[in-house]
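In what follows, a structure is listed as structure tokens, so that the remarks can point back to it.
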Amino acid sequence: MSETLLIIEDEQLLGSELMRHFRHAAWDVVWAKTFKEARRHLFDRELDPLVVLSDINLPDGNGLDLLDEVRQHGGRGEWVMLTGYGEVPDSVRAMRLGAFDFLTKPCEQDHLDLVINGAARGARAQRRLQDESENRARRYMPESFTGRSGPTRKVRELLTKITQVPFSALIITGETGTGKGLAARIVHHGGARAQGPLVEINCAALPHELLESELFGHEAGAFTGARGRRRGLLEQAHGGTIFLDEIGEMPVDLQAKLLKVIEDRSLRRLGGEREIRVDVQVLAATNQNIEEQVRNGGFRHDLYHRLSVFKLELPPLRERIPDIRDLLPRFVAEFNVIAGKKVSVIPDEVWMRLESYNWPGNVRELRNVVERCVLFATDQRFPVGWLQLGSVVPLSGSERGAGIEEDRLCLPLDGSMGLDDMVGQIIEVMLVRHGNNVAETSRVLKTTREKVRYRIEKYNIRKPE
Ligand SMILES: Nc1ncnc2c1ncn2[C@@H]1O[C@H](COP(=O)(O)OP(=O)(O)OP(=O)(O)O)[C@@H](O)[C@H]1O
Ligand SMILES: [Mg+2]
């Protein structure tokens with residue numbers, strides 16, 4: 001595909017010479033002979049040239065005024081200014097307006113080629129960056145947090161609000177696979193800092209010392225092995241966002257340092273004296289019960305309070321089952337493209353099984369299940385056989401349809417079990433889990449021993465041997 005070069009030049013001879021030359025070099029050349037004509041191309045016809053080669057003094061206007069106007073309207077492309085007068089103030093203004101280069105006539109063709117090629121390279125790189133960031137912005141909008149359920153709608157509303165206000169810190173909580181990473185990307189790419197960097201780090205992935213130097217950076221010789229100086233991730237995120245995943249795993253002394261960075265908006269590298277200003281928005285995520293961690297001293301309460309001014313809680317998928325109706329087609333479409341399949345028929349049995357499963361791995365698990373099924377599909381039907389959802393282990397001695405699945409107790413909702421039986425079942429399972437210890441069982445169930453004993457009697461629970 002040839003790229004567009006707009007030549008703005010009123011001199012007939014030079015203009016036609018340039019046009020001939022650059023056409024020959026495979027450019028799609030448009031030649032405007034006046035200010036007005038150039039304006040028409042750029043604004044009325046939305047020409048969007050990759051490079052503009054423009055004379056400054058035109059009979060009906062000034063090339064720099066045009067560049068100024070284009071930039072004010074967010075126009076892209078590199079501009080190379082050409083003038084026969086080469087006045088100093090003009091070249092200064094050209095540079096200030098971000099012109100790629102400023103050449104005086106007459107200009108050697110070889111030199112001009114060099115400059116135009118350089119401008120084209122720059123403009124292409126700029127375009128790529130802009131396209132990428134637009135793609136990301138499109139991919140990560142509050143609407144990309146898919147799902148029709150009430151809780152998910154609330155999440156989307158909150159995401160929309162959060163992307164509209166400037167804030168310094170936000171905590172995202174939720175079980176594994178509930179979309180914390182996705183939410184963080186939406187907050188960054190959908191917000192005012194989208195043009196700035198998004199730097200991610202998983203606090204659980206690095207040992208203490210490494211995490212500290214990764215985050216805060218270091219000066220040469222700050223510790224054994226610290227050869228050169230290094231900017232930390234917080235510095236790299238300047239003007240943008242840092243996403244601290246699994247913040248619950250951050251050592252307590254680093255939590256204190258992080259709090260200081262958020263409050264002072266500055267930091268010192270390890271072994272450094274100088275305070276370096278950093279303007280970052282902090283997103284922190286955790287799948288642990290962070291309030292519990294704060295209570296038992298595993299997490300600093302001051303940092304928690306600083307982070308939780310804005311709080312985004314992502315409910316587990318089992319509490320928003322209707323979302324599956326939207327998530328499933330979305331993931332099917334995604335994997336159809338990747339695997340070159342055409343799955344389009346979802347049998348009722350698939351819906352039924354997906355909607356009655358309790359999804360310990362949440363949306364990530366659903367996505368993985370869909371991936372497997374689409375990959376192994378042999379026709380348009382979504383294959384039930386590949387669902388392989390974790391099976392529920394029936395409770396021994398229970399004919400009541402209840403079962404245990406890892407850390408969960410499943411109770412039938414089809415009316416086959418009444419409330420008393422359910423409560424009895426809960427106490428029975430907990431007693432088994434806690435070695436028949438009534439005190440421990442009542443503690444875990446957050447009730448009193450008397451109540452547990454009373455219910456053992458009432459529901460006639462067989463104490464397991
Ligand atoms: N509401 C949603 N709509 C569309 N995709 C989603 C949604 N929620 C999660 N996903 C997708 O599910 C996968 C898991 O989500 P993500 O990685 O954000 O989870 P997480 O909460 O960060 O998990 P972990 O705690 O394990 O890091 C990702 O591919 C994500 O894009
Ligand atoms: Mg994650």
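Naming works like this for the structure tokens: A, B, ... for the chains as they're shown, residue 1 at the start of each chain, ligands 1 onward in shown order.
Based on only C-alpha atoms and all ligand atoms, the protein and nucleic acid residues found within 7 Å of ligand 1 are, by chain and then by number, Ser144, Phe145, Thr146, Gly147, Gly174, Glu175, Thr176, Gly177, Thr178, Gly179, Lys180, Gly181, Leu182, Ala183, Thr286, Asn287, Leu327, Val363, Arg364 and Arg367 of chain A.
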Helix (DSSP H, G or I) positions in range 302-438 of chain A, given as a PyMOL selection string:
chain A and resi 302-307+317-319+321-339+348-356+362-376+384-386+419-433+438
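Among A:Ile7, A:Asn57, A:Gly190, A:Leu206, the residue with the shortest atom-to-atom distance to Leu42 in chain A, counting only C-alpha atoms, is A:Ile7.
In terms of minimum interatomic distance to Leu314 in chain A, A:Ala184 ranks closest within A:Lys458, A:Phe100, A:Val92, A:Ala184, counting only C-alpha atoms.
Proximity to ligand 2 was assessed for A:Met81, A:Leu283, A:Val444, A:Leu328 counting only C-alpha atoms and all ligand atoms; the smallest distance is recorded for A:Leu283.
If you measure from each of A:Leu103, A:Val115, A:Val187, A:Met422 to Arg136 in chain A using only C-alpha atoms, the closest one turns out to be A:Val187.
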Measuring between only C-alpha atoms, which one of A:Leu170, A:Ala333, A:Ile324, A:Ile276 shows the shortest distance to His218 in chain A?
A:Ile276
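Between ligand 2 and the residues A:Ile242, A:Ala285, A:Ile262, A:Leu270, the shortest atom-to-atom distance, using only C-alpha atoms and all ligand atoms, involves A:Ala285.
Using only C-alpha atoms, the residues found no farther than 6 Å from range 45-49 of chain A, other than those of its own chain fewer than 4 positions away, are Thr4, Leu5 and His41 of chain A.
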Keeping all heavy atoms for every residue in the selection just given, could you write it to a file as an mmCIF file, in the first residue's frame?
data_model
loop_
_atom_site.group_PDB
_atom_site.id
_atom_site.type_symbol
_atom_site.label_atom_id
_atom_site.label_comp_id
_atom_site.auth_asym_id
_atom_site.auth_seq_id
_atom_site.Cartn_x
_atom_site.Cartn_y
_atom_site.Cartn_z
ATOM 1 N N THR A 4 0.650 8.362 1.610
ATOM 2 C CA THR A 4 0.390 9.677 1.040
ATOM 3 C C THR A 4 1.400 10.732 1.478
ATOM 4 O O THR A 4 1.701 10.867 2.662
ATOM 5 C CB THR A 4 -1.029 10.139 1.447
ATOM 6 O OG1 THR A 4 -1.940 9.117 1.086
ATOM 7 C CG2 THR A 4 -1.396 11.435 0.762
ATOM 8 N N LEU A 5 1.902 11.455 0.485
ATOM 9 C CA LEU A 5 2.754 12.611 0.731
ATOM 10 C C LEU A 5 1.999 13.823 0.206
ATOM 11 O O LEU A 5 1.616 13.859 -0.958
ATOM 12 C CB LEU A 5 4.087 12.456 -0.017
ATOM 13 C CG LEU A 5 5.010 13.677 -0.051
ATOM 14 C CD1 LEU A 5 5.614 13.937 1.323
ATOM 15 C CD2 LEU A 5 6.128 13.483 -1.078
ATOM 16 N N HIS A 41 -7.832 19.781 1.471
ATOM 17 C CA HIS A 41 -7.401 18.386 1.532
ATOM 18 C C HIS A 41 -7.367 17.876 2.966
ATOM 19 O O HIS A 41 -7.854 16.804 3.282
ATOM 20 C CB HIS A 41 -6.000 18.233 0.932
ATOM 21 C CG HIS A 41 -5.997 18.230 -0.568
ATOM 22 N ND1 HIS A 41 -6.672 17.276 -1.295
ATOM 23 C CD2 HIS A 41 -5.406 19.060 -1.467
ATOM 24 C CE1 HIS A 41 -6.484 17.522 -2.589
ATOM 25 N NE2 HIS A 41 -5.733 18.610 -2.725
#
Quick one: residues within 12 Å of range 193-201 of chain A, only C-alpha atoms, excluding same-chain residues fewer than 6 positions away - as a ChimeraX atom specification?
/A:129-138,140-141,163-168,181,184-187,210-212,214-215,232-247,249-250,279-285
Using DSSP assignments from the backbone, pull out every residue in range 139-245 of chain A that falls under strand (DSSP E or B) and give it to me as a CSV table (one decimal) with all heavy atoms, in the first residue's frame.
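Just written: out.csv:
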chain,number,residue,atom,x,y,z
A,169,ALA,N,-5.0,6.0,44.5
A,169,ALA,CA,-4.9,4.6,44.8
A,169,ALA,C,-6.2,3.9,44.8
A,169,ALA,O,-7.3,4.5,45.1
A,169,ALA,CB,-4.2,4.4,46.2
A,170,LEU,N,-6.2,2.6,44.5
A,170,LEU,CA,-7.4,1.8,44.4
A,170,LEU,C,-7.1,0.4,44.8
A,170,LEU,O,-6.0,-0.1,44.3
A,170,LEU,CB,-7.9,1.9,43.0
A,170,LEU,CG,-8.9,0.9,42.5
A,170,LEU,CD1,-10.3,1.2,43.1
A,170,LEU,CD2,-9.0,0.8,41.0
A,171,ILE,N,-7.9,-0.3,45.5
A,171,ILE,CA,-7.7,-1.7,45.8
A,171,ILE,C,-8.8,-2.5,45.1
A,171,ILE,O,-9.9,-2.2,45.1
A,171,ILE,CB,-7.5,-2.0,47.3
A,171,ILE,CG1,-7.0,-3.4,47.5
A,171,ILE,CG2,-8.8,-1.8,48.0
A,171,ILE,CD1,-6.3,-3.6,48.9
A,172,ILE,N,-8.3,-3.6,44.5
A,172,ILE,CA,-9.2,-4.5,43.8
A,172,ILE,C,-9.2,-5.9,44.5
A,172,ILE,O,-8.1,-6.4,44.6
A,172,ILE,CB,-8.8,-4.7,42.3
A,172,ILE,CG1,-8.7,-3.3,41.6
A,172,ILE,CG2,-9.9,-5.5,41.6
A,172,ILE,CD1,-8.1,-3.4,40.2
A,173,THR,N,-10.3,-6.3,45.0
A,173,THR,CA,-10.3,-7.6,45.7
A,173,THR,C,-11.2,-8.6,45.0
A,173,THR,O,-12.1,-8.2,44.2
A,173,THR,CB,-10.7,-7.5,47.1
A,173,THR,OG1,-12.1,-6.9,47.1
A,173,THR,CG2,-9.9,-6.6,48.0
A,198,LEU,N,1.6,1.7,31.8
A,198,LEU,CA,1.0,0.8,32.8
A,198,LEU,C,2.1,-0.2,33.2
A,198,LEU,O,2.5,-1.0,32.3
A,198,LEU,CB,-0.2,0.1,32.3
A,198,LEU,CG,-0.8,-1.0,33.1
A,198,LEU,CD1,-1.3,-0.5,34.5
A,198,LEU,CD2,-1.9,-1.7,32.4
A,199,VAL,N,2.6,-0.1,34.4
A,199,VAL,CA,3.7,-1.0,34.8
A,199,VAL,C,3.1,-2.0,35.8
A,199,VAL,O,2.4,-1.7,36.8
A,199,VAL,CB,4.8,-0.2,35.5
A,199,VAL,CG1,5.9,-1.2,35.9
A,199,VAL,CG2,5.4,0.8,34.4
A,200,GLU,N,3.3,-3.3,35.5
A,200,GLU,CA,2.7,-4.4,36.4
A,200,GLU,C,3.8,-5.1,37.2
A,200,GLU,O,4.9,-5.4,36.6
A,200,GLU,CB,2.0,-5.4,35.5
A,200,GLU,CG,0.7,-5.0,35.1
A,200,GLU,CD,0.0,-6.2,34.4
A,200,GLU,OE1,-0.1,-7.3,35.1
A,200,GLU,OE2,-0.5,-6.1,33.3
A,201,ILE,N,3.5,-5.4,38.4
A,201,ILE,CA,4.4,-6.3,39.1
A,201,ILE,C,3.6,-7.2,40.0
A,201,ILE,O,2.7,-6.8,40.7
A,201,ILE,CB,5.5,-5.6,39.9
A,201,ILE,CG1,6.5,-6.6,40.5
A,201,ILE,CG2,5.0,-4.6,40.8
A,201,ILE,CD1,7.8,-6.0,41.1
A,202,ASN,N,4.0,-8.5,40.1
A,202,ASN,CA,3.4,-9.4,41.0
A,202,ASN,C,4.3,-9.5,42.3
A,202,ASN,O,5.4,-10.0,42.2
A,202,ASN,CB,3.3,-10.8,40.3
A,202,ASN,CG,2.5,-11.8,41.2
A,202,ASN,OD1,2.6,-11.7,42.4
A,202,ASN,ND2,1.7,-12.6,40.6
A,217,GLY,N,14.2,1.0,42.7
A,217,GLY,CA,15.4,1.2,41.9
A,217,GLY,C,16.6,1.4,42.8
A,217,GLY,O,16.4,1.3,44.1
A,218,HIS,N,17.8,1.5,42.3
A,218,HIS,CA,18.9,1.6,43.1
A,218,HIS,C,20.0,2.4,42.4
A,218,HIS,O,20.0,2.5,41.2
A,218,HIS,CB,19.5,0.2,43.5
A,218,HIS,CG,19.9,-0.6,42.4
A,218,HIS,ND1,21.0,-0.4,41.7
A,218,HIS,CD2,19.2,-1.7,41.8
A,218,HIS,CE1,21.1,-1.3,40.7
A,218,HIS,NE2,20.0,-2.1,40.7
A,230,ARG,N,19.8,2.0,38.5
A,230,ARG,CA,18.6,1.4,37.9
A,230,ARG,C,17.3,2.2,38.3
A,230,ARG,O,17.2,2.4,39.5
A,230,ARG,CB,18.5,0.0,38.2
A,230,ARG,CG,17.6,-0.8,37.3
A,230,ARG,CD,17.4,-2.2,37.8
A,230,ARG,NE,16.0,-2.6,37.9
A,230,ARG,CZ,15.3,-2.9,36.8
A,230,ARG,NH1,15.8,-3.0,35.7
A,230,ARG,NH2,14.0,-3.1,37.0
A,231,ARG,N,16.5,2.6,37.4
A,231,ARG,CA,15.2,3.2,37.8
A,231,ARG,C,14.3,2.1,38.1
A,231,ARG,O,14.1,1.1,37.5
A,231,ARG,CB,14.7,4.0,36.6
A,231,ARG,CG,15.5,5.2,36.1
A,231,ARG,CD,15.0,5.6,34.8
A,231,ARG,NE,13.7,6.3,34.8
A,231,ARG,CZ,12.7,6.0,34.0
A,231,ARG,NH1,12.8,5.0,33.1
A,231,ARG,NH2,11.6,6.6,34.1
A,241,THR,N,0.5,4.4,35.6
A,241,THR,CA,-0.1,3.6,36.6
A,241,THR,C,0.8,2.5,37.0
A,241,THR,O,1.4,1.9,36.1
A,241,THR,CB,-1.4,3.0,36.1
A,241,THR,OG1,-2.3,4.0,35.6
A,241,THR,CG2,-2.2,2.2,37.2
A,242,ILE,N,0.9,2.2,38.3
A,242,ILE,CA,1.6,0.9,38.7
A,242,ILE,C,0.5,0.0,39.2
A,242,ILE,O,-0.4,0.4,40.0
A,242,ILE,CB,2.7,1.1,39.7
A,242,ILE,CG1,3.5,-0.2,39.8
A,242,ILE,CG2,2.2,1.7,41.0
A,242,ILE,CD1,4.9,0.0,40.2
A,243,PHE,N,0.6,-1.3,38.7
A,243,PHE,CA,-0.4,-2.3,39.2
A,243,PHE,C,0.4,-3.3,40.0
A,243,PHE,O,1.2,-4.1,39.5
A,243,PHE,CB,-1.0,-3.0,37.9
A,243,PHE,CG,-1.9,-4.1,38.3
A,243,PHE,CD1,-2.7,-4.1,39.4
A,243,PHE,CD2,-2.0,-5.2,37.4
A,243,PHE,CE1,-3.6,-5.1,39.7
A,243,PHE,CE2,-2.8,-6.3,37.7
A,243,PHE,CZ,-3.6,-6.2,38.9
A,244,LEU,N,0.1,-3.3,41.3
A,244,LEU,CA,0.7,-4.2,42.2
A,244,LEU,C,-0.2,-5.4,42.5
A,244,LEU,O,-1.1,-5.3,43.3
A,244,LEU,CB,1.0,-3.4,43.6
A,244,LEU,CG,1.9,-2.2,43.4
A,244,LEU,CD1,1.8,-1.3,44.7
A,244,LEU,CD2,3.3,-2.6,43.1
A,245,ASP,N,0.1,-6.5,41.8
A,245,ASP,CA,-0.7,-7.6,41.9
A,245,ASP,C,-0.3,-8.4,43.2
A,245,ASP,O,0.9,-8.4,43.6
A,245,ASP,CB,-0.5,-8.5,40.7
A,245,ASP,CG,-1.8,-9.3,40.4
A,245,ASP,OD1,-2.7,-9.3,41.3
A,245,ASP,OD2,-1.8,-10.0,39.4
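CA of Val278 in chain A is positioned 11.5 Å from CA of Lys260 in chain A.
For Ser442 in chain A, the set of protein, DNA and RNA residues having any atom at most 12 Å away, when counting only C-alpha atoms and skipping those fewer than 2 positions along the same chain, is Ile426, Ile427, Glu428, Met430, Leu431, Arg433, His434, Asn436, Asn437, Val438, Ala439, Glu440, Val444, Leu445, Lys446, Thr447, Thr448, Arg449, Glu450, Lys451, Val452, Arg453, Tyr454, Arg455 and Ile456 of chain A.
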